[in-house]
Amino acid sequence: VDISLPLDAEKVLVYLNWQNNRGLSGDTIASYLSGLRMCHIALGLGEPYLRSPIVNQLLQGKKHVDVWEKRASKKPSRLPVTPAVMTLIRAALREADMSREQKALIWTVSTILYAGLFRIHEILARTSRTFDPDFCLLGRDIILTASGNVPALQVRIKGEKKDRVGVHSLVD
């Protein structure tokens, strides 16, 4: 099916079905629709009508299904990292069959993530097989500073979740 721009009502429904079949959440699909809207505007195609009543109903229904599937799932949900979880990570590292350097690296990254309240994708690659220096944390992105007599790390975040315009931010 041709879903080239500009999108009409039929193309939007095909697009929604395709994203649903890919297993994306309702919130993610809604976010992608917003991106397509901005794409239309940026290309000078005018403001498209992507959110017809049927599209809104389908998105709302998908969000309800997502909630139901999450409740019915036997898969454990992600837990927040607390001091107790950090203690478990430390204990697991002590017992792990890794070099001292690997253990130190994992502990350092875990500590930075915990202390900076970061999401993992804000400093590490999205997958183990990819690396993009424009988004991943590099040595030059960590600066040792001092606030008064208290030493601190300053971490330059290149791809935080709330970033909408490509501006990097510093976190102490």
# chains A, B, ... in the order shown; residues from 1 in each chain; ligands from 1
$ residues_around --residues "region 118-127 of chain A" --least-positions-apart "2" --cutoff "7 Å" --atoms "only C-alpha atoms" --output "PyMOL selection string"
chain A and resi 113-114+116+129-131+136-137+157+159-160
$ select_by_dssp --residues "region 7-126 of chain A" --states "alpha helix (DSSP H)" --output "number ranges by chain"
A: 9-21, 26-42, 53-72, 83-95, 100-116
$ residues_around --residues "Ala91 (chain A)" --least-positions-apart "6" --cutoff "12 Å" --atoms "only C-alpha atoms" --output "NGL selection string"
:A and (84-85 or 103 or 107)
$ write_last_selection --atoms "all heavy atoms" --output "PDB file, in the first residue's frame"
ATOM      1  N   ALA A  84      18.641  -0.751  47.834  1.00  0.00           N
ATOM      2  CA  ALA A  84      18.654  -2.217  47.971  1.00  0.00           C
ATOM      3  C   ALA A  84      19.035  -2.890  46.654  1.00  0.00           C
ATOM      4  O   ALA A  84      19.793  -3.875  46.642  1.00  0.00           O
ATOM      5  CB  ALA A  84      17.293  -2.709  48.451  1.00  0.00           C
ATOM      6  N   VAL A  85      18.535  -2.373  45.535  1.00  0.00           N
ATOM      7  CA  VAL A  85      18.882  -2.933  44.231  1.00  0.00           C
ATOM      8  C   VAL A  85      20.357  -2.681  43.932  1.00  0.00           C
ATOM      9  O   VAL A  85      21.050  -3.558  43.401  1.00  0.00           O
ATOM     10  CB  VAL A  85      17.969  -2.360  43.121  1.00  0.00           C
ATOM     11  CG1 VAL A  85      18.445  -2.774  41.734  1.00  0.00           C
ATOM     12  CG2 VAL A  85      16.530  -2.800  43.346  1.00  0.00           C
ATOM     13  N   LYS A 103      34.086  -5.361  35.980  1.00  0.00           N
ATOM     14  CA  LYS A 103      33.254  -5.152  37.168  1.00  0.00           C
ATOM     15  C   LYS A 103      33.238  -3.680  37.549  1.00  0.00           C
ATOM     16  O   LYS A 103      32.182  -3.113  37.864  1.00  0.00           O
ATOM     17  CB  LYS A 103      33.756  -5.990  38.342  1.00  0.00           C
ATOM     18  CG  LYS A 103      33.555  -7.470  38.166  1.00  0.00           C
ATOM     19  CD  LYS A 103      34.123  -8.224  39.365  1.00  0.00           C
ATOM     20  CE  LYS A 103      33.990  -9.717  39.200  1.00  0.00           C
ATOM     21  NZ  LYS A 103      34.468 -10.444  40.387  1.00  0.00           N
ATOM     22  N   TRP A 107      29.954  -1.226  37.592  1.00  0.00           N
ATOM     23  CA  TRP A 107      29.591  -0.545  38.833  1.00  0.00           C
ATOM     24  C   TRP A 107      29.583   0.971  38.636  1.00  0.00           C
ATOM     25  O   TRP A 107      28.697   1.670  39.125  1.00  0.00           O
ATOM     26  CB  TRP A 107      30.514  -0.937  39.982  1.00  0.00           C
ATOM     27  CG  TRP A 107      30.148  -0.252  41.250  1.00  0.00           C
ATOM     28  CD1 TRP A 107      30.844   0.698  41.916  1.00  0.00           C
ATOM     29  CD2 TRP A 107      28.935  -0.442  42.002  1.00  0.00           C
ATOM     30  NE1 TRP A 107      30.154   1.124  43.024  1.00  0.00           N
ATOM     31  CE2 TRP A 107      28.974   0.430  43.102  1.00  0.00           C
ATOM     32  CE3 TRP A 107      27.817  -1.257  41.838  1.00  0.00           C
ATOM     33  CZ2 TRP A 107      27.952   0.505  44.037  1.00  0.00           C
ATOM     34  CZ3 TRP A 107      26.803  -1.183  42.775  1.00  0.00           C
ATOM     35  CH2 TRP A 107      26.873  -0.314  43.853  1.00  0.00           C
TER      36      TRP A 107
END
$ residues_around --residues "region 15-27 of chain A" --least-positions-apart "5" --cutoff "9 Å" --atoms "only C-alpha atoms" --output "MDAnalysis selection string"
chainID A and resid 3 10 32:33 55 58:66
$ closest_residue --among "A:Glu101, A:Cys39, A:Asp134, A:Pro48" --to "Leu7 (chain A)" --atoms "only C-alpha atoms"
A:Pro48
$ residues_around --residues "Arg94 (chain A)" --least-positions-apart "5" --cutoff "12 Å" --atoms "only C-alpha atoms" --output "NGL selection string"
:A and (87-89 or 99-100 or 102-104 or 106-107)
$ write_last_selection --atoms "C-alpha atoms" --output "CSV table (one decimal), in the first residue's frame"
chain,number,residue,atom,x,y,z
A,87,THR,CA,23.4,-3.6,46.9
A,88,LEU,CA,22.2,-6.6,44.9
A,89,ILE,CA,24.1,-5.3,41.8
A,99,SER,CA,37.8,-9.1,35.0
A,100,ARG,CA,38.2,-6.5,37.7
A,102,GLN,CA,34.7,-5.1,33.7
A,103,LYS,CA,33.3,-5.2,37.2
A,104,ALA,CA,34.5,-1.6,37.9
A,106,ILE,CA,29.6,-1.9,35.3
A,107,TRP,CA,29.6,-0.5,38.8
$ atom_distance --atom1 "CA of Asp141 (chain A)" --atom2 "CA of Val109 (chain A)"
13.2 Å
